[in-house]
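Below: the structure, in structure tokens.
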Amino acid sequence: GAEALSIALRESCAWERLHLVISISANKDMGGIAAQLGPLADAVHVAGNESERAGDPASIAGSFPSTSTPVTVHGSIADALDAARAEASPADLICVTGSLYTVADARRALGLAT
């Protein structure tokens, strides 16, 4: 899934800076996901989502390759999304990913979920 997202982002989207908001379930390949998406990101915002299967945010953050890309850990997806939105310019892209639970948390934070 991360490889497909990486390809789709490069083929279908344009941005000056990519802000990644991410939470990954504990049973997923965190390193593989980070390897696919990390090189595209200019900033990575990690948090746990509201699922009981959510991975530890510090472990998720540690799975991103050591580069100059800042990786920050937040208390919630809402906090991570707020941080990404505060940093982003109109020409930037914020991508929320990692799990459908993560997207659901972001939708609630944006007032889009019922």
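Chain labels run A, B, ... following the order of the structure tokens; each chain numbers its residues from 1, and ligands are numbered from 1 in the order shown.
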With a distance cut-off of 9 Å and only C-alpha atoms, select the neighbouring residues of Pro70 of chain A, excluding the residue or stretch itself and same-chain residues fewer than 4 positions from it, and output the selection as a PDB file with C-alpha atoms, in the first residue's frame.
```pdb
ATOM      1  CA  ASP A  42       9.712  17.216   4.056  1.00  0.00           C
ATOM      2  CA  ALA A  43       8.200  16.780   7.519  1.00  0.00           C
ATOM      3  CA  VAL A  44       6.799  13.715   9.280  1.00  0.00           C
ATOM      4  CA  HIS A  45       4.214  14.041  12.053  1.00  0.00           C
TER       5      HIS A  45
END
```
Exercise for the section: Write down as a list in words the residues of segment 39-89 of chain A whose backbone DSSP state falls under strand (DSSP E or B). Expected result: Ala43, Val44, His45, Val46, Ala54, Val71, Thr72 and Val73 of chain A
Practice task
Write out as a list of chain:residue names each polymer residue whose atoms come within 8 Å of Ile77 of chain A, counting only C-alpha atoms; drop sequence neighbours fewer than 2 positions from it.
Solution key: A:Val21, A:Ile22, A:Ser23, A:Val46, A:Ala47, A:Gly48, A:Asn49, A:His74, A:Gly75, A:Asp79, A:Ala80, A:Leu81, A:Thr102, A:Asp105, A:Ala106, A:Ala109
Handout entry: Backbone-only DSSP, alpha helix (DSSP H) members of segment 48-113 of chain A, as number ranges by chain
Key = A: 57-62, 77-87, 100-109
Exercise for the section: Just the residues within 8 Å of segment 59-62 of chain A, please, counting only C-alpha atoms, with nothing from its chain fewer than 5 positions along; format it as a PyMOL selection string. Expected result: chain A and resi 23-24+30+46+71-73
What does the file look like for those residues with N, CA and C atoms, as a PDB file, in the first residue's frame?
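Final output, out-v6.pdb:
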```pdb
ATOM      1  N   SER A  23       0.144   7.305  11.327  1.00  0.00           N
ATOM      2  CA  SER A  23       0.106   6.333  12.411  1.00  0.00           C
ATOM      3  C   SER A  23      -0.023   4.977  11.748  1.00  0.00           C
ATOM      4  N   ILE A  24       0.677   4.010  12.252  1.00  0.00           N
ATOM      5  CA  ILE A  24       0.721   2.687  11.634  1.00  0.00           C
ATOM      6  C   ILE A  24       0.343   1.649  12.684  1.00  0.00           C
ATOM      7  N   MET A  30       6.484  -1.330   9.648  1.00  0.00           N
ATOM      8  CA  MET A  30       6.765   0.097   9.829  1.00  0.00           C
ATOM      9  C   MET A  30       7.973   0.540   9.010  1.00  0.00           C
ATOM     10  N   VAL A  46       4.096  12.118  13.522  1.00  0.00           N
ATOM     11  CA  VAL A  46       3.693  10.783  13.958  1.00  0.00           C
ATOM     12  C   VAL A  46       2.836  10.897  15.208  1.00  0.00           C
ATOM     13  N   VAL A  71      11.199  14.574  12.066  1.00  0.00           N
ATOM     14  CA  VAL A  71      10.152  13.637  12.465  1.00  0.00           C
ATOM     15  C   VAL A  71       9.762  14.013  13.888  1.00  0.00           C
ATOM     16  N   THR A  72       8.494  14.374  14.074  1.00  0.00           N
ATOM     17  CA  THR A  72       8.025  14.761  15.401  1.00  0.00           C
ATOM     18  C   THR A  72       6.902  13.835  15.839  1.00  0.00           C
ATOM     19  N   VAL A  73       6.842  13.591  17.136  1.00  0.00           N
ATOM     20  CA  VAL A  73       5.814  12.734  17.729  1.00  0.00           C
ATOM     21  C   VAL A  73       4.809  13.629  18.437  1.00  0.00           C
TER      22      VAL A  73
END
```
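In terms of minimum interatomic distance to Leu9 of chain A, A:Leu37 ranks closest within A:Leu37, A:Gly55, A:Ala91, A:Ser63, counting only C-alpha atoms.
Our summary of the geometry notes that atom CA of Tyr101 of chain A is positioned 6.4 Å from atom CA of Ser51 of chain A.
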Handout entry: Distance in Å - atom CA of Ser12 of chain A versus atom CA of Ala83 of chain A
Key =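 Between these atoms lies a distance of 24.4 Å.
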Problem - Contacts of Ser6 of chain A within 12 Å, only C-alpha atoms, excl. fewer than 3 positions in-chain, as a count of residues only - result: 22
Practice task
Using atom CA of Ser76 of chain A and atom CA of Ala88 of chain A as the two end points, give the distance in Å to one decimal.
Solution key: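 Value for the atom CA of Ser76 of chain A-atom CA of Ala88 of chain A distance: 18.3 Å.
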Exercise for the section: Identify which of the residues A:Ser68, A:Ala8, A:Lys28, A:Arg17 lies closest to Gly98 of chain A, counting only C-alpha atoms when measuring atom-to-atom distances. Expected result: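 Of all the options, A:Lys28 lies closest to Gly98 of chain A.
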